[in-house]
4 protein chains.
Amino acid sequence: MFLSVDPSSGFPVYRQIMEQVRRMIVAGRLTPGEKLPSIRDLAATLQINPLTVGKAYTELERGGIVEMRRGLGMYVRRPGAHAATDADDAPATVTGGAQRFVLEAAQAGLSRAHALKVVDDAWQELVTGPVKNVRRQR
Amino acid sequence: MFLSVDPSSGFPVYRQIMEQVRRMIVAGRLTPGEKLPSIRDLAATLQINPLTVGKAYTELERGGIVEMRRGLGMYVRRPGAHAATDADDAPATVTGGAQRFVLEAAQAGLSRAHALKVVDDAWQELVTGPVKNVRRQR
Amino acid sequence: MFLSVDPSSGFPVYRQIMEQVRRMIVAGRLTPGEKLPSIRDLAATLQINPLTVGKAYTELERGGIVEMRRGLGMYVRRPGAHAATDADDAPATVTGGAQRFVLEAAQAGLSRAHALKVVDDAWQELVTGPVKNVRRQR
Amino acid sequence: MFLSVDPSSGFPVYRQIMEQVRRMIVAGRLTPGEKLPSIRDLAATLQINPLTVGKAYTELERGGIVEMRRGLGMYVRRPGAHAATDADDAPATVTGGAQRFVLEAAQAGLSRAHALKVVDDAWQELVTGPVKNVRRQR
DNA sequence: GTGGTCTAGACCACC
DNA sequence: GTGGTCTAGACCACG
């Protein structure tokens, strides 16, 4: 598990962690049932406060992404276990995200086709794993 | 000019204003050279603090979207006028937005094709606002 | 607003706050639209850390009990605004609570009628307001 | 003896065991003098740590619910044998539980009569219900 | 002024 | 060992 955070990015560190964990799950680099690094370990690795890691984990658990087993650690949840929870409002979230992206793209002067290609490329990068910047493991 | 804000959405009010103004420009409902409502008028209409509207306008001006003419008000800028300002980093912003969207969509269980369709639909909805053709900038 | 917490009760302080706020809303001592004390104020009054109060407020907001208005404070939400959110699983929570209570009561040797009376008395106390219970400490 | 625990429920595993044992006693599915499964057997069945089962048993013994006979195992105690132990504080516990339940119910929008009915139903289920109600998981 | 985030260090319950 | 809670104090974004 290699994660990287940028404390000076202005984007909350705990959200950076959340996003990367979700990204790894989607990309298949974290599989259901797999154990996440302990709060202390990850905090030491990233050189941040354990509470910050804990906040990220707590939020992920609330979102149904991972589950906590007392005294054992955090584990990636089986997909479908939480599907019922947010299956209904997920589309709304996604279309909202699409609207935001489309606005940005149009504002930047991209054509419709160009914008779609950018999304397609991003998806490709997500499933194959970022080419640069991240190392595979395990 | 119809704007609406939700003070309790957790999303900064001044950003809500910025986003809607940009959206209107992209959709062609605000055309280059057109005058925006005054800070005080808009604040009164939305029942929010004038400082908040002012911040939105200032940020829009910094982004080169609108320009301030002392004593006259804020005006939508001619496309291309700000091209030099952020032409270089705009693509980076867009790809970043694409990555965020793709992550959300994948996490929500959408297929690649489905995600692309959602984006295409959002674009369609954006341009088929009440008005004519889309003016692209840059 | 009179709240009291017992830091040495073993029950998390932030949950004590949550419970009392909910209790006050149910009892009508906090009405929809009313403003809660600021995090700093309440923390100073209770002589606890602001972060602890903040955690209580954040959790209440997540539960749809209160809403945050940026830069203004926390406000009691209008009932029904969140009804749709947890209307479905609320009954499950309630029946679970009922099962726990019934088990306790039976284990303690109460009769069925006696247990019902205890609940009825508790409801009475809730709506009329705790007779004692509002004590200052430290 | 069929017990089930959910390690990822957030509720301590040892308390889940305690609660189910007490429930069985109240419901008559475990009668005074009856022997509980050994720590090792139950731990193996539930696929949990024997220390956890041991803690549950120890706590039950402290509460006077069961008694340990060295070299023989744990046995359900005769009712009344522990009455003197917690007869005094039991009512306080029960009224506390009632308050918690009433708060939950009122918050969920139940009427006073409805809440009482839920409790009555739960009691009914407790005494009649040993039939099924046992679910396996994992 | 408001809440949001982060740090450094501590104690606790649980497995 | 694990995560959960709390303290004391700091900086930032927002209205």
# chains A, B, ... in the order shown; residues from 1 in each chain; ligands from 1
>>> select_by_dssp(residues="chain A", states="alpha helix (DSSP H)", output="JSON, numbers by chain")
{"A": [13, 14, 15, 16, 17, 18, 19, 20, 21, 22, 23, 24, 25, 26, 27, 39, 40, 41, 42, 43, 44, 45, 46, 50, 51, 52, 53, 54, 55, 56, 57, 58, 59, 60, 61, 62, 83, 84, 85, 86, 90, 91, 92, 93, 94, 95, 96, 97, 98, 99, 100, 101, 102, 103, 104, 105, 106, 107, 112, 113, 114, 115, 116, 117, 118, 119, 120, 121, 122, 123, 124, 125, 126, 127, 128]}
>>> interface_residues(of="chain B", to="chain C", cutoff="8 Å", atoms="only C-alpha atoms", output="list of chain:residue names")
B:Pro7, B:Ser8, B:Ser9, B:Gly10, B:Pro12
>>> write_last_selection(atoms="C-alpha atoms", output="PDB file, in the first residue's frame")
ATOM      1  CA  PRO B   7     -26.665  28.691   2.172  1.00  0.00           C
ATOM      2  CA  SER B   8     -26.915  25.367   3.937  1.00  0.00           C
ATOM      3  CA  SER B   9     -25.482  23.181   1.207  1.00  0.00           C
ATOM      4  CA  GLY B  10     -21.997  23.163   2.678  1.00  0.00           C
ATOM      5  CA  PRO B  12     -19.493  28.019  -0.353  1.00  0.00           C
TER       6      PRO B  12
END
>>> residues_around(residues="stretch 5-11 of chain F", least_positions_apart="6", cutoff="10 Å", atoms="only C-alpha atoms (C1' of nucleotides)", output="JSON, numbers by chain")
{"C": [7, 11, 12, 13, 14, 48, 49, 50, 51, 52], "E": [5, 6, 7, 8, 9, 10, 11, 12]}
>>> closest_atom_pairs(of="chain E", to="chain D", cutoff="10 Å", atoms="only C-alpha atoms (C1' of nucleotides)", output="Markdown table")
| residue | atom | partner | partner_atom | distance |
| --- | --- | --- | --- | --- |
| E:DA13 | C1' | D:Pro12 | CA | 9.3 |
| E:DC14 | C1' | D:Pro12 | CA | 7.3 |
| E:DC15 | C1' | D:Thr52 | CA | 6.9 |
>>> interface_residues(of="chain F", to="chain A", cutoff="9 Å", atoms="only C-alpha atoms (C1' of nucleotides)", output="ChimeraX atom specification")
/F:1-3
>>> write_last_selection(atoms="C-alpha atoms (C1' of nucleotides)", output="PDB file, in the first residue's frame")
ATOM      1  C1'  DG F   1      -1.867  -5.083  18.639  1.00  0.00           C
ATOM      2  C1'  DT F   2      -6.353  -2.484  17.091  1.00  0.00           C
ATOM      3  C1'  DG F   3      -9.514   1.776  16.792  1.00  0.00           C
TER       4       DG F   3
END
>>> calpha_fit_and_write(fixed="chain A", moving="chain C", output="compact mmCIF listing (two decimals) with N, CA and C atoms, in the first residue's frame")
# COMPACT_ATOMS: atom_id res chain seq x y z
N MET C 1 0.08 -2.36 -0.67
CA MET C 1 -0.64 -1.08 -0.56
C MET C 1 0.31 0.10 -0.69
N PHE C 2 0.22 0.77 -1.80
CA PHE C 2 1.03 1.97 -1.93
C PHE C 2 0.15 3.19 -2.03
N LEU C 3 0.29 4.02 -1.07
CA LEU C 3 -0.46 5.27 -1.08
C LEU C 3 0.53 6.41 -1.01
N SER C 4 0.13 7.53 -1.55
CA SER C 4 0.99 8.70 -1.40
C SER C 4 0.10 9.92 -1.15
N VAL C 5 0.55 10.76 -0.28
CA VAL C 5 -0.22 11.97 -0.02
C VAL C 5 0.70 13.18 -0.15
N ASP C 6 0.07 14.30 -0.46
CA ASP C 6 0.82 15.54 -0.55
C ASP C 6 0.24 16.53 0.46
N PRO C 7 0.91 16.65 1.59
CA PRO C 7 0.38 17.49 2.68
C PRO C 7 0.24 18.96 2.30
N SER C 8 0.95 19.36 1.25
CA SER C 8 0.94 20.77 0.91
C SER C 8 0.09 21.06 -0.32
N SER C 9 -0.81 20.14 -0.64
CA SER C 9 -1.59 20.33 -1.85
C SER C 9 -2.81 21.23 -1.62
N GLY C 10 -3.11 21.46 -0.33
CA GLY C 10 -4.31 22.24 -0.05
C GLY C 10 -5.53 21.37 0.04
N PHE C 11 -5.46 20.21 -0.56
CA PHE C 11 -6.56 19.26 -0.47
C PHE C 11 -6.35 18.43 0.79
N PRO C 12 -7.37 18.33 1.65
CA PRO C 12 -7.20 17.64 2.92
C PRO C 12 -6.56 16.26 2.77
N VAL C 13 -5.60 16.00 3.60
CA VAL C 13 -4.88 14.73 3.53
C VAL C 13 -5.83 13.55 3.70
N TYR C 14 -6.76 13.67 4.65
CA TYR C 14 -7.64 12.52 4.89
C TYR C 14 -8.51 12.23 3.68
N ARG C 15 -8.82 13.28 2.90
CA ARG C 15 -9.59 13.05 1.68
C ARG C 15 -8.73 12.43 0.59
N GLN C 16 -7.47 12.78 0.58
CA GLN C 16 -6.56 12.15 -0.39
C GLN C 16 -6.50 10.65 -0.14
N ILE C 17 -6.45 10.29 1.14
CA ILE C 17 -6.41 8.87 1.48
C ILE C 17 -7.70 8.20 1.04
N MET C 18 -8.83 8.83 1.39
CA MET C 18 -10.12 8.26 1.01
C MET C 18 -10.19 8.02 -0.49
N GLU C 19 -9.80 9.03 -1.24
CA GLU C 19 -9.92 8.92 -2.69
C GLU C 19 -9.05 7.79 -3.23
N GLN C 20 -7.85 7.68 -2.70
CA GLN C 20 -6.96 6.64 -3.21
C GLN C 20 -7.44 5.24 -2.85
N VAL C 21 -8.00 5.11 -1.65
CA VAL C 21 -8.51 3.80 -1.28
C VAL C 21 -9.67 3.42 -2.20
N ARG C 22 -10.58 4.38 -2.42
CA ARG C 22 -11.71 4.11 -3.31
C ARG C 22 -11.22 3.78 -4.71
N ARG C 23 -10.22 4.52 -5.13
CA ARG C 23 -9.67 4.29 -6.46
C ARG C 23 -9.12 2.87 -6.57
N MET C 24 -8.41 2.45 -5.52
CA MET C 24 -7.82 1.11 -5.54
C MET C 24 -8.88 0.03 -5.55
N ILE C 25 -9.97 0.26 -4.83
CA ILE C 25 -11.03 -0.73 -4.81
C ILE C 25 -11.66 -0.85 -6.20
N VAL C 26 -11.93 0.31 -6.79
CA VAL C 26 -12.53 0.31 -8.12
C VAL C 26 -11.61 -0.36 -9.13
N ALA C 27 -10.32 -0.10 -8.97
CA ALA C 27 -9.36 -0.64 -9.93
C ALA C 27 -9.08 -2.12 -9.67
N GLY C 28 -9.60 -2.62 -8.55
CA GLY C 28 -9.39 -4.04 -8.26
C GLY C 28 -8.09 -4.33 -7.54
N ARG C 29 -7.39 -3.27 -7.17
CA ARG C 29 -6.13 -3.52 -6.45
C ARG C 29 -6.38 -3.75 -4.96
N LEU C 30 -7.58 -3.47 -4.54
CA LEU C 30 -8.02 -3.85 -3.18
C LEU C 30 -9.30 -4.65 -3.38
N THR C 31 -9.29 -5.89 -2.93
CA THR C 31 -10.45 -6.74 -3.17
C THR C 31 -11.29 -6.86 -1.91
N PRO C 32 -12.59 -7.14 -2.07
CA PRO C 32 -13.48 -7.29 -0.92
C PRO C 32 -12.94 -8.31 0.08
N GLY C 33 -13.00 -7.98 1.33
CA GLY C 33 -12.50 -8.87 2.37
C GLY C 33 -11.05 -8.61 2.72
N GLU C 34 -10.37 -7.87 1.86
CA GLU C 34 -8.96 -7.59 2.11
C GLU C 34 -8.81 -6.60 3.26
N LYS C 35 -7.71 -6.74 3.97
CA LYS C 35 -7.49 -5.89 5.13
C LYS C 35 -6.71 -4.64 4.75
N LEU C 36 -7.15 -3.52 5.24
CA LEU C 36 -6.40 -2.29 5.02
C LEU C 36 -5.27 -2.22 6.04
N PRO C 37 -4.25 -1.45 5.75
CA PRO C 37 -3.18 -1.29 6.75
C PRO C 37 -3.74 -0.64 8.01
N SER C 38 -3.17 -0.98 9.14
CA SER C 38 -3.67 -0.40 10.39
C SER C 38 -3.43 1.10 10.39
N ILE C 39 -4.21 1.79 11.20
CA ILE C 39 -4.07 3.23 11.29
C ILE C 39 -2.64 3.63 11.61
N ARG C 40 -2.09 2.96 12.61
CA ARG C 40 -0.72 3.30 13.01
C ARG C 40 0.29 3.04 11.91
N ASP C 41 0.15 1.89 11.25
CA ASP C 41 1.10 1.56 10.19
C ASP C 41 1.06 2.57 9.06
N LEU C 42 -0.17 2.84 8.61
CA LEU C 42 -0.30 3.76 7.47
C LEU C 42 0.20 5.15 7.85
N ALA C 43 -0.13 5.55 9.08
CA ALA C 43 0.32 6.86 9.54
C ALA C 43 1.85 6.92 9.56
N ALA C 44 2.47 5.85 10.01
CA ALA C 44 3.93 5.82 10.06
C ALA C 44 4.51 5.86 8.65
N THR C 45 3.90 5.08 7.75
CA THR C 45 4.38 5.03 6.37
C THR C 45 4.29 6.40 5.70
N LEU C 46 3.14 7.04 5.88
CA LEU C 46 2.93 8.33 5.22
C LEU C 46 3.52 9.49 6.02
N GLN C 47 4.00 9.16 7.20
CA GLN C 47 4.57 10.18 8.08
C GLN C 47 3.55 11.27 8.39
N ILE C 48 2.36 10.83 8.73
CA ILE C 48 1.33 11.77 9.16
C ILE C 48 0.74 11.31 10.48
N ASN C 49 -0.16 12.10 11.01
CA ASN C 49 -0.75 11.77 12.30
C ASN C 49 -1.77 10.63 12.19
N PRO C 50 -1.74 9.69 13.12
CA PRO C 50 -2.69 8.58 13.10
C PRO C 50 -4.14 9.05 13.07
N LEU C 51 -4.39 10.17 13.73
CA LEU C 51 -5.75 10.68 13.76
C LEU C 51 -6.24 11.01 12.35
N THR C 52 -5.35 11.48 11.52
CA THR C 52 -5.72 11.83 10.15
C THR C 52 -6.11 10.58 9.36
N VAL C 53 -5.32 9.54 9.51
CA VAL C 53 -5.67 8.28 8.86
C VAL C 53 -6.99 7.76 9.41
N GLY C 54 -7.13 7.87 10.72
CA GLY C 54 -8.37 7.40 11.36
C GLY C 54 -9.59 8.12 10.82
N LYS C 55 -9.43 9.40 10.59
CA LYS C 55 -10.55 10.17 10.05
C LYS C 55 -10.93 9.65 8.66
N ALA C 56 -9.93 9.39 7.84
CA ALA C 56 -10.19 8.85 6.50
C ALA C 56 -10.92 7.52 6.60
N TYR C 57 -10.46 6.65 7.48
CA TYR C 57 -11.07 5.33 7.62
C TYR C 57 -12.50 5.44 8.13
N THR C 58 -12.68 6.31 9.12
CA THR C 58 -14.02 6.49 9.68
C THR C 58 -15.01 6.94 8.61
N GLU C 59 -14.56 7.88 7.79
CA GLU C 59 -15.43 8.39 6.73
C GLU C 59 -15.73 7.30 5.71
N LEU C 60 -14.72 6.52 5.39
CA LEU C 60 -14.93 5.43 4.43
C LEU C 60 -15.93 4.43 4.99
N GLU C 61 -15.82 4.17 6.29
CA GLU C 61 -16.75 3.22 6.90
C GLU C 61 -18.18 3.79 6.84
N ARG C 62 -18.29 5.08 7.10
CA ARG C 62 -19.60 5.68 7.08
C ARG C 62 -20.19 5.59 5.69
N GLY C 63 -19.34 5.64 4.69
CA GLY C 63 -19.81 5.55 3.31
C GLY C 63 -20.08 4.12 2.88
N GLY C 64 -19.80 3.18 3.78
CA GLY C 64 -20.08 1.79 3.46
C GLY C 64 -19.02 1.14 2.60
N ILE C 65 -17.89 1.81 2.43
CA ILE C 65 -16.83 1.27 1.59
C ILE C 65 -16.06 0.19 2.32
N VAL C 66 -15.77 0.43 3.57
CA VAL C 66 -15.03 -0.56 4.37
C VAL C 66 -15.80 -0.82 5.66
N GLU C 67 -15.40 -1.86 6.36
CA GLU C 67 -16.05 -2.11 7.64
C GLU C 67 -14.98 -2.33 8.71
N MET C 68 -15.33 -1.99 9.92
CA MET C 68 -14.38 -2.11 11.01
C MET C 68 -14.70 -3.37 11.82
N ARG C 69 -13.70 -4.13 12.15
CA ARG C 69 -13.90 -5.27 13.05
C ARG C 69 -13.07 -5.01 14.29
N ARG C 70 -13.77 -4.85 15.36
CA ARG C 70 -13.13 -4.44 16.61
C ARG C 70 -11.89 -5.26 16.92
N GLY C 71 -10.84 -4.54 17.16
CA GLY C 71 -9.61 -5.20 17.57
C GLY C 71 -8.90 -5.93 16.45
N LEU C 72 -9.47 -5.92 15.26
CA LEU C 72 -8.85 -6.64 14.16
C LEU C 72 -8.34 -5.70 13.07
N GLY C 73 -9.13 -4.68 12.77
CA GLY C 73 -8.72 -3.74 11.74
C GLY C 73 -9.84 -3.41 10.79
N MET C 74 -9.49 -2.72 9.72
CA MET C 74 -10.48 -2.31 8.74
C MET C 74 -10.41 -3.26 7.55
N TYR C 75 -11.56 -3.62 7.01
CA TYR C 75 -11.62 -4.53 5.88
C TYR C 75 -12.47 -3.96 4.76
N VAL C 76 -12.07 -4.25 3.54
CA VAL C 76 -12.86 -3.82 2.39
C VAL C 76 -14.18 -4.57 2.39
N ARG C 77 -15.24 -3.84 2.26
CA ARG C 77 -16.55 -4.45 2.34
C ARG C 77 -16.93 -5.13 1.03
N ARG C 78 -17.78 -6.12 1.16
CA ARG C 78 -18.27 -6.76 -0.05
C ARG C 78 -19.18 -5.78 -0.77
N PRO C 79 -19.02 -5.67 -2.07
CA PRO C 79 -19.90 -4.77 -2.82
C PRO C 79 -21.33 -5.28 -2.74
N GLY C 80 -22.25 -4.36 -2.77
CA GLY C 80 -23.66 -4.75 -2.66
C GLY C 80 -24.14 -4.66 -1.23
N ALA C 81 -23.21 -4.83 -0.29
CA ALA C 81 -23.61 -4.74 1.12
C ALA C 81 -24.15 -3.36 1.44
N HIS C 82 -23.61 -2.37 0.78
CA HIS C 82 -24.07 -1.01 1.04
C HIS C 82 -24.83 -0.45 -0.15
N ALA C 83 -25.05 -1.28 -1.13
CA ALA C 83 -25.70 -0.79 -2.34
C ALA C 83 -27.04 -0.14 -2.02
N ALA C 84 -27.79 -0.80 -1.13
CA ALA C 84 -29.11 -0.29 -0.80
C ALA C 84 -29.03 1.08 -0.13
N THR C 85 -27.94 1.30 0.57
CA THR C 85 -27.82 2.53 1.34
C THR C 85 -27.86 3.79 0.48
N ASP C 86 -27.04 3.80 -0.53
CA ASP C 86 -26.95 5.04 -1.30
C ASP C 86 -27.21 4.80 -2.79
N ALA C 87 -27.86 3.73 -3.08
CA ALA C 87 -28.11 3.45 -4.48
C ALA C 87 -29.01 4.52 -5.09
N ASP C 88 -29.86 5.07 -4.25
CA ASP C 88 -30.82 6.04 -4.77
C ASP C 88 -30.19 7.40 -5.07
N ASP C 89 -29.36 7.87 -4.17
CA ASP C 89 -28.82 9.20 -4.37
C ASP C 89 -27.50 9.19 -5.13
N ALA C 90 -26.94 8.02 -5.34
CA ALA C 90 -25.68 7.96 -6.06
C ALA C 90 -25.80 8.58 -7.44
N PRO C 91 -26.80 8.23 -8.22
CA PRO C 91 -26.94 8.84 -9.53
C PRO C 91 -26.95 10.37 -9.46
N ALA C 92 -27.63 10.90 -8.47
CA ALA C 92 -27.67 12.35 -8.32
C ALA C 92 -26.25 12.90 -8.13
N THR C 93 -25.49 12.23 -7.30
CA THR C 93 -24.10 12.65 -7.09
C THR C 93 -23.33 12.61 -8.39
N VAL C 94 -23.54 11.53 -9.13
CA VAL C 94 -22.79 11.35 -10.37
C VAL C 94 -23.16 12.41 -11.40
N THR C 95 -24.44 12.65 -11.56
CA THR C 95 -24.83 13.67 -12.54
C THR C 95 -24.31 15.04 -12.12
N GLY C 96 -24.31 15.29 -10.82
CA GLY C 96 -23.74 16.55 -10.34
C GLY C 96 -22.26 16.66 -10.71
N GLY C 97 -21.55 15.56 -10.55
CA GLY C 97 -20.13 15.54 -10.92
C GLY C 97 -19.97 15.75 -12.41
N ALA C 98 -20.86 15.16 -13.18
CA ALA C 98 -20.79 15.30 -14.63
C ALA C 98 -21.00 16.76 -15.03
N GLN C 99 -21.95 17.41 -14.37
CA GLN C 99 -22.20 18.82 -14.68
C GLN C 99 -20.99 19.68 -14.37
N ARG C 100 -20.35 19.39 -13.25
CA ARG C 100 -19.17 20.16 -12.90
C ARG C 100 -18.06 19.97 -13.94
N PHE C 101 -17.88 18.72 -14.33
CA PHE C 101 -16.83 18.44 -15.31
C PHE C 101 -17.11 19.11 -16.64
N VAL C 102 -18.36 18.99 -17.08
CA VAL C 102 -18.74 19.57 -18.38
C VAL C 102 -18.52 21.08 -18.38
N LEU C 103 -18.85 21.69 -17.27
CA LEU C 103 -18.66 23.14 -17.17
C LEU C 103 -17.18 23.50 -17.31
N GLU C 104 -16.35 22.76 -16.59
CA GLU C 104 -14.91 22.99 -16.66
C GLU C 104 -14.40 22.83 -18.09
N ALA C 105 -14.84 21.73 -18.69
CA ALA C 105 -14.34 21.42 -20.02
C ALA C 105 -14.75 22.48 -21.03
N ALA C 106 -16.02 22.87 -20.99
CA ALA C 106 -16.52 23.87 -21.93
C ALA C 106 -15.79 25.20 -21.71
N GLN C 107 -15.61 25.52 -20.43
CA GLN C 107 -14.92 26.76 -20.10
C GLN C 107 -13.49 26.76 -20.63
N ALA C 108 -12.90 25.57 -20.66
CA ALA C 108 -11.52 25.46 -21.13
C ALA C 108 -11.45 25.42 -22.65
N GLY C 109 -12.62 25.41 -23.28
CA GLY C 109 -12.63 25.47 -24.74
C GLY C 109 -12.64 24.12 -25.45
N LEU C 110 -12.87 23.06 -24.68
CA LEU C 110 -12.90 21.75 -25.31
C LEU C 110 -14.21 21.58 -26.09
N SER C 111 -14.12 20.78 -27.14
CA SER C 111 -15.34 20.45 -27.87
C SER C 111 -16.03 19.31 -27.13
N ARG C 112 -17.26 19.10 -27.51
CA ARG C 112 -18.03 18.02 -26.86
C ARG C 112 -17.33 16.67 -27.04
N ALA C 113 -16.90 16.41 -28.26
CA ALA C 113 -16.24 15.13 -28.53
C ALA C 113 -14.93 15.01 -27.74
N HIS C 114 -14.22 16.12 -27.68
CA HIS C 114 -12.94 16.11 -26.97
C HIS C 114 -13.16 15.82 -25.49
N ALA C 115 -14.18 16.43 -24.91
CA ALA C 115 -14.47 16.22 -23.50
C ALA C 115 -14.79 14.75 -23.23
N LEU C 116 -15.58 14.16 -24.13
CA LEU C 116 -15.92 12.76 -23.94
C LEU C 116 -14.68 11.88 -24.01
N LYS C 117 -13.78 12.27 -24.90
CA LYS C 117 -12.56 11.47 -25.03
C LYS C 117 -11.72 11.56 -23.75
N VAL C 118 -11.67 12.74 -23.17
CA VAL C 118 -10.90 12.91 -21.94
C VAL C 118 -11.45 12.00 -20.84
N VAL C 119 -12.78 11.94 -20.76
CA VAL C 119 -13.40 11.07 -19.76
C VAL C 119 -13.08 9.61 -20.05
N ASP C 120 -13.19 9.25 -21.32
CA ASP C 120 -12.92 7.86 -21.69
C ASP C 120 -11.48 7.48 -21.36
N ASP C 121 -10.57 8.40 -21.63
CA ASP C 121 -9.16 8.15 -21.31
C ASP C 121 -8.96 7.99 -19.80
N ALA C 122 -9.66 8.83 -19.04
CA ALA C 122 -9.52 8.77 -17.59
C ALA C 122 -10.01 7.42 -17.07
N TRP C 123 -11.10 6.94 -17.68
CA TRP C 123 -11.62 5.63 -17.26
C TRP C 123 -10.60 4.54 -17.58
N GLN C 124 -10.05 4.64 -18.75
CA GLN C 124 -9.05 3.66 -19.16
C GLN C 124 -7.89 3.63 -18.16
N GLU C 125 -7.44 4.81 -17.79
CA GLU C 125 -6.32 4.90 -16.86
C GLU C 125 -6.69 4.34 -15.50
N LEU C 126 -7.97 4.54 -15.14
CA LEU C 126 -8.42 4.06 -13.82
C LEU C 126 -8.36 2.54 -13.73
N VAL C 127 -8.86 1.88 -14.76
CA VAL C 127 -8.93 0.42 -14.69
C VAL C 127 -7.58 -0.25 -14.94
N THR C 128 -6.76 0.39 -15.74
CA THR C 128 -5.46 -0.23 -16.00
C THR C 128 -4.48 0.07 -14.89
N GLY C 129 -4.79 1.10 -14.11
CA GLY C 129 -3.86 1.51 -13.05
C GLY C 129 -3.04 2.67 -13.55
N PRO C 130 -2.88 3.67 -12.70
CA PRO C 130 -2.11 4.83 -13.10
C PRO C 130 -0.72 4.41 -13.53
N VAL C 131 -0.29 4.91 -14.62
CA VAL C 131 1.01 4.52 -15.14
C VAL C 131 2.12 5.07 -14.26
N LYS C 132 2.03 6.35 -14.03
CA LYS C 132 3.03 6.99 -13.17
C LYS C 132 2.37 7.20 -11.81
N ASN C 133 2.33 8.27 -11.27
CA ASN C 133 1.46 8.64 -10.16
C ASN C 133 1.81 7.98 -8.84
N VAL C 134 2.37 6.77 -8.85
CA VAL C 134 2.74 6.17 -7.58
C VAL C 134 4.15 6.61 -7.23
N ARG C 135 4.19 7.69 -6.53
CA ARG C 135 5.54 8.15 -6.21
C ARG C 135 5.70 8.22 -4.72
N ARG C 136 6.84 8.08 -4.26
CA ARG C 136 7.15 8.21 -2.85
C ARG C 136 7.50 9.65 -2.60
N GLN C 137 7.32 10.09 -1.42
CA GLN C 137 7.77 11.44 -1.15
C GLN C 137 8.41 11.55 0.20
N ARG C 138 9.00 12.66 0.39
CA ARG C 138 9.76 12.93 1.61
C ARG C 138 10.93 12.04 1.75
